[in-house]
Every structure is written in C-alpha cells, then in structure tokens.
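Peer 1: Dropping in entry.cif, with mmCIF, C-alpha atoms.
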data_my_file
loop_
_atom_site.label_atom_id
_atom_site.label_comp_id
_atom_site.auth_asym_id
_atom_site.auth_seq_id
_atom_site.Cartn_x
_atom_site.Cartn_y
_atom_site.Cartn_z
CA MET M 20 -11.61 13.85 5.45
CA SER M 21 -14.67 11.68 5.34
CA ASP M 22 -14.88 8.33 3.61
CA ALA M 23 -17.93 8.31 1.39
CA GLY M 24 -17.78 4.62 0.61
CA SER M 25 -15.80 1.86 -1.07
CA ASN M 26 -16.56 0.01 -4.31
CA VAL M 27 -14.90 -2.92 -6.03
CA ARG M 28 -14.63 -3.11 -9.81
CA GLY M 29 -13.54 -5.89 -12.15
CA GLU M 30 -10.32 -7.85 -12.37
CA THR M 31 -7.19 -6.98 -14.36
CA ARG M 32 -4.14 -9.17 -14.87
CA VAL M 33 -0.83 -7.35 -14.49
CA GLY M 34 2.81 -8.36 -14.50
CA ALA M 35 5.60 -7.71 -12.03
CA THR M 36 9.25 -6.79 -12.30
CA MET M 37 11.81 -9.03 -10.64
CA SER M 38 13.84 -6.62 -8.55
CA PRO M 39 13.12 -3.48 -6.53
CA GLY M 40 14.57 -0.35 -8.06
CA ALA M 41 15.69 -1.95 -11.32
CA ALA M 42 13.64 0.38 -13.51
CA ALA M 43 13.89 4.15 -13.52
CA PRO M 44 10.68 6.19 -13.19
CA VAL M 45 9.00 6.80 -16.54
CA ARG M 46 8.81 10.51 -17.35
CA VAL M 47 5.43 11.67 -18.62
CA SER M 48 5.51 14.58 -21.01
CA ARG M 49 3.36 17.61 -20.40
CA ARG M 50 1.41 16.78 -23.54
CA ASP M 51 0.50 13.32 -22.22
CA ARG M 52 -0.58 14.56 -18.78
CA ARG M 53 -3.81 16.12 -20.03
CA GLY M 54 -6.02 15.51 -23.04
CA LEU M 55 -9.37 14.43 -24.37
CA ARG M 56 -10.74 11.81 -26.69
CA GLN M 57 -13.99 11.95 -28.55
CA THR M 58 -16.56 9.32 -27.60
CA PRO M 59 -18.86 7.67 -30.18
CA GLU M 60 -21.78 9.64 -28.75
CA GLY M 61 -19.76 12.84 -29.03
CA LEU M 62 -18.92 12.12 -32.67
CA ILE M 63 -22.60 11.65 -33.47
CA PHE M 64 -23.46 14.92 -31.73
CA LEU M 65 -20.73 16.82 -33.61
CA LEU M 66 -21.98 15.45 -36.95
CA MET M 67 -25.50 16.52 -36.04
CA THR M 68 -24.20 19.99 -35.10
CA LEU M 69 -22.41 20.21 -38.43
CA GLY M 70 -25.59 19.21 -40.25
CA VAL M 71 -27.68 21.80 -38.39
CA GLY M 72 -25.04 24.45 -39.14
CA MET M 73 -25.04 23.66 -42.85
CA GLY M 74 -28.83 23.75 -42.90
CA ALA M 75 -28.89 27.11 -41.11
CA VAL M 76 -26.39 28.65 -43.56
CA ASN M 77 -28.19 27.30 -46.64
CA THR M 78 -31.72 28.25 -45.57
CA GLY M 79 -31.11 31.27 -43.37
CA ASN M 80 -33.73 29.93 -40.95
CA ASN M 81 -33.51 31.70 -37.57
CA LEU M 82 -34.80 28.62 -35.73
CA LEU M 83 -31.95 26.55 -37.11
CA TYR M 84 -29.47 29.21 -36.01
CA LEU M 85 -31.01 29.08 -32.53
CA VAL M 86 -30.65 25.28 -32.40
CA LEU M 87 -27.07 25.54 -33.69
CA GLY M 88 -26.18 28.02 -30.94
CA LEU M 89 -27.70 25.73 -28.33
CA MET M 90 -25.73 22.73 -29.59
CA LEU M 91 -22.46 24.67 -29.68
CA SER M 92 -23.16 25.91 -26.14
CA LEU M 93 -23.55 22.31 -24.97
CA ILE M 94 -20.14 21.41 -26.45
CA LEU M 95 -18.53 24.41 -24.76
CA LEU M 96 -20.27 23.67 -21.46
CA SER M 97 -19.13 20.05 -21.63
CA GLY M 98 -15.48 21.11 -21.86
CA MET M 99 -15.76 23.62 -19.01
CA LEU M 100 -17.57 21.30 -16.58
CA SER M 101 -15.20 18.39 -17.22
CA ASP M 102 -12.27 20.66 -16.35
CA VAL M 103 -14.00 21.60 -13.09
CA VAL M 104 -14.56 17.92 -12.25
CA LEU M 105 -10.88 17.01 -12.73
CA ALA M 106 -9.48 20.06 -10.94
CA GLY M 107 -8.51 19.77 -7.28
CA VAL M 108 -8.74 15.95 -7.13
CA ARG M 109 -5.82 14.20 -5.41
CA PRO M 110 -5.39 10.39 -5.59
CA VAL M 111 -3.90 8.13 -2.90
CA ARG M 112 -3.32 4.46 -3.70
CA ARG M 113 -3.91 1.83 -0.99
CA LEU M 114 -2.15 -1.47 -1.59
CA PRO M 115 -3.04 -4.82 0.01
CA ARG M 116 -0.95 -6.14 2.89
CA ARG M 117 -0.34 -9.38 1.00
CA ALA M 118 -0.41 -10.28 -2.67
CA PHE M 119 0.38 -13.62 -4.30
CA ALA M 120 1.14 -14.35 -7.94
CA ASN M 121 -1.81 -15.71 -9.94
CA ALA M 122 -4.24 -14.73 -7.17
CA PRO M 123 -6.53 -11.66 -7.23
CA CYS M 124 -5.81 -8.85 -4.78
CA LEU M 125 -7.68 -5.63 -4.07
CA VAL M 126 -5.98 -2.35 -4.99
CA GLU M 127 -7.87 0.72 -3.82
CA ILE M 128 -7.56 4.33 -4.97
CA GLU M 129 -8.83 7.04 -2.65
CA LEU M 130 -9.71 10.33 -4.33
CA GLU M 131 -9.78 13.49 -2.24
CA ASN M 132 -11.69 16.48 -3.56
CA THR M 133 -9.79 19.51 -2.26
CA LYS M 134 -12.17 22.05 -3.81
CA PRO M 135 -13.90 24.07 -1.03
CA TRP M 136 -17.32 24.45 -2.69
CA LEU M 137 -17.74 22.32 -5.82
CA PRO M 138 -18.24 18.53 -5.93
CA SER M 139 -16.76 16.23 -8.59
CA PHE M 140 -19.08 13.90 -10.51
CA SER M 141 -18.57 10.75 -12.57
CA LEU M 142 -14.84 10.27 -12.12
CA ALA M 143 -12.85 7.17 -13.11
CA ALA M 144 -9.35 6.29 -11.93
CA GLY M 145 -6.96 3.74 -13.41
CA ASP M 146 -3.39 2.74 -12.52
CA VAL M 147 -0.51 3.36 -14.90
CA MET M 148 2.07 0.61 -14.45
CA ASP M 149 5.83 0.84 -14.76
CA GLY M 150 6.94 0.83 -18.39
CA GLU M 151 3.42 1.22 -19.80
CA ASP M 152 3.08 3.21 -23.02
CA LEU M 153 0.86 6.02 -21.79
CA ARG M 154 0.60 7.68 -25.21
CA ALA M 155 -0.76 4.50 -26.79
CA ARG M 156 -3.15 4.05 -23.89
CA ASN M 157 -4.48 7.60 -24.31
CA ARG M 158 -5.33 6.83 -27.93
CA ARG M 159 -7.63 3.97 -27.05
CA ALA M 160 -10.42 3.28 -24.58
CA SER M 161 -9.85 0.35 -22.24
CA ASP M 162 -11.39 -1.12 -19.11
CA ALA M 163 -8.20 -0.38 -17.17
CA ASP M 164 -8.84 3.35 -17.63
CA ARG M 165 -12.09 3.06 -15.69
CA ALA M 166 -11.07 0.40 -13.17
CA ALA M 167 -12.41 2.41 -10.23
CA TYR M 168 -15.51 4.60 -10.60
CA TYR M 169 -16.70 7.44 -8.35
CA LEU M 170 -20.21 8.79 -8.83
CA LYS M 171 -19.83 11.87 -6.62
CA ILE M 172 -17.12 13.27 -4.35
CA ASP M 173 -18.34 16.08 -2.13
CA PRO M 174 -16.22 19.18 -1.47
CA LYS M 175 -13.48 18.67 1.14
CA SER M 176 -14.17 14.94 1.31
CA SER M 177 -12.83 11.70 -0.13
CA GLN M 178 -14.10 8.44 -1.51
CA ARG M 179 -12.48 5.05 -2.07
CA ALA M 180 -13.03 2.51 -4.82
CA GLY M 181 -11.08 -0.59 -5.70
CA SER M 182 -10.34 -3.05 -8.45
CA LEU M 183 -9.19 -6.65 -8.39
CA ARG M 184 -5.76 -7.20 -9.92
CA THR M 185 -4.04 -10.51 -10.58
CA PRO M 186 -0.22 -10.28 -10.67
CA THR M 187 1.19 -12.81 -13.09
CA GLN M 188 4.61 -13.28 -11.47
CA ARG M 189 6.45 -12.78 -8.21
CA GLY M 190 8.63 -9.75 -7.57
CA VAL M 191 8.02 -6.03 -7.24
CA LEU M 192 4.94 -4.64 -8.95
CA ARG M 193 5.43 -0.92 -9.57
CA PHE M 194 2.67 1.63 -9.95
CA ARG M 195 3.84 4.95 -11.44
CA HIS M 196 0.78 7.16 -12.03
CA VAL M 197 -2.97 7.42 -11.64
CA ARG M 198 -4.97 8.35 -14.72
CA LEU M 199 -8.09 10.33 -13.80
CA SER M 200 -10.77 10.60 -16.47
CA THR M 201 -14.37 11.79 -16.79
CA ARG M 202 -17.14 11.95 -19.39
CA TYR M 203 -19.18 14.39 -17.37
CA PRO M 204 -21.63 15.94 -18.07
CA PHE M 205 -22.94 14.74 -21.46
CA GLY M 206 -20.52 11.97 -22.44
CA PHE M 207 -19.34 13.82 -25.58
CA PHE M 208 -15.64 13.66 -24.63
CA ASP M 209 -13.45 11.49 -22.41
CA LYS M 210 -11.12 13.98 -20.72
CA TRP M 211 -8.16 12.79 -18.63
CA ARG M 212 -5.43 13.98 -16.31
CA VAL M 213 -2.35 11.95 -15.26
CA VAL M 214 -1.14 12.36 -11.65
CA ASP M 215 2.13 11.02 -10.21
CA ALA M 216 1.55 8.30 -7.61
CA ASP M 217 4.62 6.06 -7.23
CA ASP M 218 4.04 2.88 -5.23
CA ALA M 219 5.52 -0.62 -5.10
CA LEU M 220 3.91 -3.89 -4.08
CA VAL M 221 5.93 -7.02 -3.29
CA VAL M 222 4.16 -9.95 -4.93
CA PHE M 223 4.75 -13.23 -3.10
CA PRO M 224 5.22 -16.49 -5.06
CA ALA M 225 2.20 -18.37 -6.30
CA ILE M 226 0.68 -20.90 -3.90
CA VAL M 227 0.32 -24.35 -5.44
CA GLY M 228 -0.62 -27.83 -4.32
CA VAL M 229 2.32 -29.85 -2.95
CA PRO M 230 1.02 -33.29 -1.92
CA ASP M 231 4.48 -34.87 -2.12
CA LEU M 232 5.95 -32.26 0.21
CA GLU M 233 3.00 -32.59 2.60
CA HIS M 234 3.81 -36.28 3.09
CA ALA M 235 7.43 -35.40 3.84
CA LEU M 236 6.27 -32.66 6.21
CA ASP M 237 4.06 -35.16 8.06
CA ARG M 238 7.12 -37.33 8.72
CA LEU M 239 9.20 -34.38 9.93
CA ILE M 240 6.86 -32.36 12.16
CA GLY M 241 3.59 -34.28 12.29
CA ARG M 242 0.05 -33.21 11.45
CA GLU M 243 -0.75 -30.96 14.43
CA THR M 244 -2.12 -27.53 13.64
CA ALA M 245 -0.75 -24.36 15.18
CA ARG M 246 -3.64 -24.11 17.64
CA ALA M 247 -3.11 -27.66 18.87
CA GLU M 248 0.63 -26.99 19.12
CA VAL M 249 0.10 -23.91 21.30
CA ALA M 250 -2.32 -25.77 23.54
CA GLN M 251 0.09 -28.67 23.87
CA ARG M 252 2.95 -26.36 24.80
CA ALA M 253 0.81 -24.79 27.50
CA ARG M 254 0.12 -28.22 28.97
CA ASP M 255 3.59 -29.69 28.63
CA ARG M 256 6.48 -28.97 30.94
CA GLY M 257 10.02 -28.75 29.64
CA SER M 258 13.10 -30.66 30.64
CA GLU M 259 15.45 -27.82 31.64
CA ILE M 260 15.25 -26.59 35.27
CA ALA M 261 14.76 -22.83 35.43
CA GLY M 262 14.63 -22.62 39.28
CA LEU M 263 12.69 -23.52 42.41
CA ARG M 264 9.56 -21.95 43.87
CA PRO M 265 7.20 -22.64 46.77
CA HIS M 266 4.60 -25.36 46.24
CA ARG M 267 1.15 -24.13 45.19
CA GLU M 268 -2.16 -25.95 45.16
CA GLY M 269 -2.54 -27.86 41.91
CA ASP M 270 1.18 -28.54 41.36
CA GLU M 271 1.98 -32.10 40.35
CA ALA M 272 3.72 -34.34 42.87
CA ARG M 273 6.41 -35.29 40.35
CA ALA M 274 7.52 -31.64 40.21
CA ILE M 275 8.36 -31.52 43.95
CA HIS M 276 12.08 -31.27 44.71
CA TRP M 277 12.11 -33.61 47.74
CA ARG M 278 15.70 -33.13 48.79
CA ARG M 279 15.46 -29.34 48.84
CA SER M 280 12.04 -29.53 50.52
CA ALA M 281 13.48 -31.65 53.32
CA ALA M 282 16.33 -29.17 53.85
CA LEU M 283 13.98 -26.17 53.98
CA GLY M 284 11.19 -27.82 55.89
CA SER M 285 8.57 -26.79 53.28
CA LEU M 286 7.59 -28.07 49.90
CA VAL M 287 9.26 -26.52 46.86
CA VAL M 288 8.80 -27.52 43.24
CA ARG M 289 11.00 -27.40 40.16
CA GLU M 290 10.12 -24.66 37.68
CA LEU M 291 10.96 -25.97 34.23
CA GLU M 292 11.59 -24.11 31.01
CA ARG M 293 9.36 -24.98 28.12
CA ASP M 294 11.01 -27.03 25.41
CA PRO M 295 11.60 -25.21 22.12
CA GLY M 296 9.10 -25.76 19.34
CA ARG M 297 9.71 -27.70 16.16
CA GLU M 298 11.92 -26.10 13.55
CA LEU M 299 11.96 -26.65 9.80
CA ALA M 300 14.63 -25.57 7.31
CA ILE M 301 13.42 -25.53 3.69
CA ARG M 302 16.34 -26.01 1.31
CA LEU M 303 15.95 -25.08 -2.36
CA GLU M 304 17.29 -27.41 -5.05
CA LEU M 305 17.55 -25.20 -8.14
CA GLY M 306 19.14 -27.63 -10.59
CA PRO M 307 21.64 -26.82 -13.36
CA PRO M 308 21.75 -23.10 -14.24
CA HIS M 309 22.12 -23.55 -18.00
CA ALA M 310 19.24 -25.96 -18.56
CA PRO M 311 16.70 -24.88 -21.22
CA ASP M 312 13.91 -24.66 -18.65
CA ALA M 313 16.01 -23.22 -15.79
CA SER M 314 13.85 -20.10 -15.41
CA ALA M 315 10.56 -22.03 -15.36
CA ARG M 316 12.06 -24.59 -12.97
CA LEU M 317 13.18 -21.81 -10.62
CA GLU M 318 9.66 -20.37 -10.46
CA ARG M 319 8.15 -23.80 -9.76
CA VAL M 320 10.67 -24.52 -6.99
CA ILE M 321 10.08 -21.15 -5.34
CA SER M 322 6.30 -21.55 -5.52
CA ARG M 323 6.54 -25.01 -3.96
CA ALA M 324 8.84 -23.69 -1.22
CA ALA M 325 6.43 -20.83 -0.39
CA SER M 326 3.48 -23.23 -0.31
CA ILE M 327 5.11 -25.70 2.07
CA ALA M 328 6.44 -22.85 4.24
CA LEU M 329 2.89 -21.57 4.75
CA LEU M 330 1.66 -25.05 5.59
CA ALA M 331 4.49 -25.77 8.06
CA HIS M 332 4.05 -22.38 9.74
CA ALA M 333 0.32 -23.01 10.12
CA ARG M 334 1.14 -26.32 11.84
CA GLY M 335 3.19 -24.52 14.48
CA ALA M 336 6.74 -24.93 13.17
CA SER M 337 9.46 -22.31 13.06
CA VAL M 338 10.42 -21.87 9.41
CA GLU M 339 13.44 -20.63 7.50
CA VAL M 340 14.45 -20.97 3.85
CA LEU M 341 17.95 -21.79 2.61
CA ALA M 342 19.03 -21.11 -0.97
CA PRO M 343 22.37 -20.68 -2.74
CA GLY M 344 23.81 -17.46 -1.37
CA ALA M 345 20.72 -16.51 0.65
CA ARG M 346 19.09 -17.29 3.98
CA SER M 347 15.72 -16.04 5.15
CA PRO M 348 14.98 -14.95 8.73
CA ARG M 349 13.86 -17.70 11.08
CA ILE M 350 10.15 -17.11 11.76
CA GLY M 351 8.47 -18.63 14.80
CA PRO M 352 4.87 -19.88 14.90
CA ASP M 353 3.62 -16.72 16.63
CA ALA M 354 5.14 -14.28 14.10
CA SER M 355 4.15 -13.34 10.56
CA LEU M 356 5.70 -15.41 7.78
CA ASP M 357 5.93 -12.39 5.47
CA PRO M 358 9.75 -11.98 5.77
CA VAL M 359 10.23 -15.53 4.46
CA LEU M 360 7.74 -14.98 1.63
CA GLU M 361 9.38 -11.67 0.76
CA MET M 362 12.79 -13.33 0.56
CA LEU M 363 11.35 -15.89 -1.87
CA ALA M 364 9.58 -13.16 -3.86
CA LEU M 365 12.79 -11.19 -4.41
CA TYR M 366 15.25 -14.08 -4.69
CA THR M 367 17.43 -14.33 -7.79
CA PRO M 368 19.62 -17.41 -8.38
CA ARG M 369 23.20 -17.27 -7.14
CA HIS M 370 24.61 -20.39 -8.72
CA GLY M 371 28.02 -21.39 -7.49
CA GLU M 372 27.50 -19.93 -4.02
CA PRO M 373 27.08 -22.34 -1.09
CA VAL M 374 23.78 -23.09 0.58
CA PRO M 375 23.83 -21.97 4.25
CA THR M 376 24.06 -24.71 6.85
CA PRO M 377 20.78 -25.53 8.64
CA ARG M 378 20.51 -24.98 12.37
CA ARG M 379 21.51 -27.90 14.52
CA ASP M 380 18.03 -28.81 15.76
CA ALA M 381 16.18 -28.10 12.53
CA ALA M 382 14.51 -30.71 10.37
CA VAL M 383 15.56 -30.23 6.74
CA LEU M 384 13.15 -30.48 3.83
CA ASP M 385 14.69 -30.36 0.34
CA VAL M 386 12.38 -28.77 -2.22
CA GLY M 387 12.99 -29.41 -5.89
CA ASP M 388 10.93 -29.36 -9.06
CA ALA M 389 8.07 -31.86 -8.98
CA ARG M 390 8.35 -32.31 -12.75
CA GLY M 391 11.99 -33.28 -12.56
CA GLU M 392 13.99 -34.20 -9.53
CA SER M 393 11.69 -35.00 -6.61
CA ALA M 394 11.99 -33.41 -3.22
#
Represent the structure of the file as structure tokens.
Peer 2:
Amino acid sequence: MSDAGSNVRGETRVGATMSPGAAAPVRVSRRDRRGLRQTPEGLIFLLMTLGVGMGAVNTGNNLLYLVLGLMLSLILLSGMLSDVVLAGVRPVRRLPRRAFANAPCLVEIELENTKPWLPSFSLAAGDVMDGEDLRARNRRASDADRAAYYLKIDPKSSQRAGSLRTPTQRGVLRFRHVRLSTRYPFGFFDKWRVVDADDALVVFPAIVGVPDLEHALDRLIGRETARAEVAQRARDRGSEIAGLRPHREGDEARAIHWRRSAALGSLVVRELERDPGRELAIRLELGPPHAPDASARLERVISRAASIALLAHARGASVEVLAPGARSPRIGPDASLDPVLEMLALYTPRHGEPVPTPRRDAAVLDVGDARGESA
C-alpha cells in the first residue's frame, strides 16, 4: 500500500460515553447501509429533463428526442460511475495517541482502494458515532458526512485524510461505522455506503488552569522542571552505601573510605545509591454525593486533578491519584503519565468506600472544587 497524502478538514464537536462497553453495538439495517439522495443540482437537472421530455412528446421534434436521450444517459451514467467509485473501498480509522476533553484532536481515516484497475474519485468519509440515528442522518446533508475528502485514490493504493474533533466530556468515545459518500461524476446524486469500523478512544479529562494548586505544589515539590531534576540527580550522590570500588581519577576525596583503604593498602571509595525522587499523591475530595451539583463538581475536581498531575509530572515528581475506592498506578518522571490520566478518564464515584492510604514518603495534595471547598 502506498500513502498518497494526508489532509485535515474542519472541526466537529462530539460527545463521549462514560464507561467502556456500556453500550451495545448499533445494528445498521441493510436498507440504511446503501442509498442515495438527490442534490439541488440534480433536482434542477431532472426538472430540465422532464421539461425536454414533455416538449419532445408535444412537438415530435427529433432534436428534442436526441437531447432527451442524452440527458437520460447522463443520469444513468451518473448512477453507474458512482457505484464503481464506492465499490472496493475499505476504510481504516487512525485515532490519536492522546485526546483531552474540550480540546481538538485529529482523527484520520485511511481509505484503501482494493480494485485492481479502476481508481476512485471524489470520495468523502465521515464517522458514525455510537447511538447516532443513521436513518435521520441519511435524510439530511451535513458537514460531518464529508469530514474527510479524497480527490483520487489510485488502484491498489491508499490515501489518508483527517478531521479535527473536539470531545465534550471525558470517558470512552466510540466510533461504530464509516459512512462513505460520493457525488461523482456530475453531482446529481449523493450516494453513500456504510461500512463497519468499530473503534474506541479514551478521552482524558479537560486541562484547566489551577493557580491555587500550583502554589501548593510549589510548597510540596518546588519549582524545578523535569530536565533540571534529572540533571540534579546525575550530579547528586545518595546517602545509602551500595558498595566499595577502586578509586578512579576524578572521584571526590570525601567519597574515599579511609579505614578500608588503609587495610587494603590502596584507595577505595564508597559507591552510593541515588536517593529516590520526589513523590506526590493527589487525593480527590468529591464532596457530598447527593448535592444538586454533584456531577458538575465531580467533573471539575477530576479536571483539576489531571491538570496538576501533568504539571507535577513535568516537574520531575512521581505521581499517583487516590480516590474513594480507586488508586492509580504510581508513575515515575521517566514514564508516560497516560495510566494516571486514563484512570481519571474512566473513574466513576464510589461514595462510601475508603480512600487508599498514601505511600509513606509521598507528599499529599488534596484536590477539591475551586468553586466550593478549596484544596
């Protein structure tokens, strides 16, 4: 397969479900999998064809009959060529590695033309989301139907195009189908075909400004960035003795083990283990479960926790999140923070269950709702 290029289309705002596997796949009837819709241009052309036909019948003019046959041939040819364009095209969706709520992300659809000899022209591909009313969508024209556009796909080749999507909430965003459509060759009809393409994207919580938590973070772990932290660790020596080794040029005099050197008759130095890095435990304060704004408060708390976790991780701290009935993995400064963000993305409140105990050496940062109880 060859990649003929990549294009980016406009932005679409989409929602997300709150749990993976909560919704069953939506069955698409055979009637809804294929169809066509008349375009405004096509309607005008059909009315003109009807007018020419009535004129030919009333006058018996051979020239009008010739024009009528030509116009009917164009309608027939339009239907045949559009079928050829849609046949043998296989979509593959490519999701971004990371996606955050209320932030645009690029979703790409790669179309492979499996036909051995014939290219496909003027194709559009749009995602069909979980729970979307496909029948209502087929009755109307929308920008989502033509989110990704492909001018030409050569035989036995593929082409990618993308569209910017903005998830509106955290959780699992499910894609069920890809709707392929074309108006080739004359634009008289918009013909479509629906192809199964089931994918799921975990949408991380929205990233927001947290100046109050930044001040608390400064007191707990300082302002050093991750790069400065790594450099400092390389320079510093720890406090735990890992063993002894022969003295090498450049070793500091304070590292020499004088008593052992005197016994051996040669200089040896202490080899020290590096001290562990800073560790931060982010503890969620969810508030009363039956409050009128409990759901909105939960989303604000989770967004604030994700935002401060990213900031602390960037400053070189090991991060974990503690919530009622849930504990995220502990992520060090050299690892990806995605497991922590995924835990926050999929978390549902477990009121009444205890919050796990922080690790002994961890600094604890309580995160609540900035509009109510402060952190």
Peer 1: For stretch 358-363 of chain M, list every protein, DNA or RNA residue within 10 Å, evaluated using all atoms listed in the file, and leave out those in the same chain fewer than 5 positions away; present the list as number ranges by chain.
Peer 2: M: 117, 119, 189-191, 221-224, 318, 321-322, 324-326, 328-329, 338-342, 345-350
Peer 1: Quick check on the file I pasted: which residues fall under the PyMOL selection byres ((chain M and resi 374) around 12)? Write them as a VMD selection string.
Peer 2: chain M and resid 300 to 305 340 to 347 368 to 373 375 to 377 385
Peer 1: Report as number ranges by chain the full result of the PyMOL selection byres ((chain M and resi 122) around 8) when it is applied to this structure.
Peer 2: M: 118-121, 123-124, 185-186, 225
Peer 1: Just the number, please: distance in Å from atom CA of M:Pro138 to atom CA of M:Phe64, one decimal.
Peer 2: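 That distance, rounded to one decimal, is 26.6 Å.
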Peer 1: Taking the file above as input, evaluate the PyMOL selection byres ((chain M and resi 237) around 12) and report the hits as a ChimeraX atom specification.
Peer 2: /M:230-236,238-244,299,327,330-331,334,336,382,384
Peer 1: Between atom CA of M:Leu105 and atom CA of M:Leu153, what is the distance, to one decimal in Å?
Peer 2: 18.5 Å
Peer 1: Find the axis-aligned box for stretch 113-126 of chain M, covering all its listed atoms and adding 5 Å on each side, and write its centre and edge lengths in Å to one decimal as lines of an AutoDock Vina configuration file.
Peer 2:
center_x = -3.3
center_y = -6.9
center_z = -3.5
size_x = 18.8
size_y = 27.5
size_z = 22.8
Peer 1: For a quick check of your reading of the model, name the residues lying within 7 Å of the coordinate (-20.3, 19.1, -23.5), counting only C-alpha atoms, and write them as a PyMOL selection string.
Peer 2: chain M and resi 93-98+204-205+207
Peer 1: For the point (-9.6, 15.1, -3.0) in file coordinates, what residues are within 7 Å, counting all atoms listed in the file? Give the answer as a ChimeraX atom specification?
Peer 2: /M:107-110,130-133,175-177
Peer 1: Quote the spacing between atom CA of M:Val147 and atom CA of M:Leu317 in Å to one decimal place.
Peer 2: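 For atom CA of M:Val147 relative to atom CA of M:Leu317, the distance reads 29.0 Å.
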Peer 1: Would you list the contacts of M:Ala216 as a list in words, taking every protein, DNA or RNA residue within 10 Å and counting only C-alpha atoms, but skipping same-chain residues closer than 4 positions in sequence?
Peer 2: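 The residues that qualify are Arg109, Pro110, Val111, Arg112, Asp146, Val147, Phe194, Arg195, His196, Val197 and Arg198 of chain M.
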Peer 1: Given only C-alpha atoms as the basis, pick out the residue of M:Thr68, M:Ala274, M:Val383, M:Ala310 nearest to M:Ser337.
Peer 2: M:Val383
Peer 1: Determine the nearest neighbour of M:Leu62 from the options M:Gly206, M:Gly74, M:Gly79, M:Gly145, counting only C-alpha atoms.
Peer 2: M:Gly206
Peer 1: Using the atoms already present, construct N, CA and C atoms for stretch 183-202 of chain M and hand them back as a tab-separated table (two decimals), keeping the file's coordinate frame.
Peer 2:
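Saved result, selection.tsv, follows:
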chain	number	residue	atom	x	y	z
M	183	LEU	N	-9.93	-5.41	-8.60
M	183	LEU	CA	-9.19	-6.65	-8.39
M	183	LEU	C	-8.11	-6.79	-9.46
M	184	ARG	N	-6.88	-7.00	-9.01
M	184	ARG	CA	-5.76	-7.20	-9.92
M	184	ARG	C	-5.13	-8.56	-9.65
M	185	THR	N	-4.68	-9.19	-10.70
M	185	THR	CA	-4.04	-10.51	-10.58
M	185	THR	C	-2.62	-10.42	-11.09
M	186	PRO	N	-1.62	-10.28	-10.21
M	186	PRO	CA	-0.22	-10.28	-10.67
M	186	PRO	C	0.12	-11.62	-11.30
M	187	THR	N	0.88	-11.58	-12.37
M	187	THR	CA	1.19	-12.81	-13.09
M	187	THR	C	2.52	-13.42	-12.68
M	188	GLN	N	3.34	-12.72	-11.91
M	188	GLN	CA	4.61	-13.28	-11.47
M	188	GLN	C	5.04	-12.61	-10.17
M	189	ARG	N	5.95	-13.30	-9.47
M	189	ARG	CA	6.45	-12.78	-8.21
M	189	ARG	C	7.39	-11.60	-8.47
M	190	GLY	N	7.71	-10.87	-7.44
M	190	GLY	CA	8.63	-9.75	-7.57
M	190	GLY	C	7.99	-8.46	-7.11
M	191	VAL	N	8.51	-7.36	-7.61
M	191	VAL	CA	8.02	-6.03	-7.24
M	191	VAL	C	7.13	-5.51	-8.35
M	192	LEU	N	5.90	-5.22	-8.01
M	192	LEU	CA	4.94	-4.64	-8.95
M	192	LEU	C	4.91	-3.14	-8.72
M	193	ARG	N	5.31	-2.37	-9.73
M	193	ARG	CA	5.43	-0.92	-9.57
M	193	ARG	C	4.27	-0.19	-10.22
M	194	PHE	N	3.69	0.73	-9.46
M	194	PHE	CA	2.67	1.63	-9.95
M	194	PHE	C	3.30	3.02	-10.06
M	195	ARG	N	3.18	3.66	-11.22
M	195	ARG	CA	3.84	4.95	-11.44
M	195	ARG	C	2.89	6.13	-11.36
M	196	HIS	N	1.69	6.01	-11.95
M	196	HIS	CA	0.78	7.16	-12.03
M	196	HIS	C	-0.65	6.68	-11.84
M	197	VAL	N	-1.53	7.65	-11.63
M	197	VAL	CA	-2.97	7.42	-11.64
M	197	VAL	C	-3.56	8.27	-12.75
M	198	ARG	N	-4.34	7.65	-13.61
M	198	ARG	CA	-4.97	8.35	-14.72
M	198	ARG	C	-6.43	8.64	-14.35
M	199	LEU	N	-6.74	9.89	-14.12
M	199	LEU	CA	-8.09	10.33	-13.80
M	199	LEU	C	-8.80	10.72	-15.09
M	200	SER	N	-10.02	10.26	-15.26
M	200	SER	CA	-10.77	10.60	-16.47
M	200	SER	C	-12.24	10.80	-16.13
M	201	THR	N	-12.95	11.54	-16.99
M	201	THR	CA	-14.37	11.79	-16.79
M	201	THR	C	-15.03	12.01	-18.13
M	202	ARG	N	-16.30	11.65	-18.23
M	202	ARG	CA	-17.14	11.95	-19.39
M	202	ARG	C	-18.29	12.86	-19.01
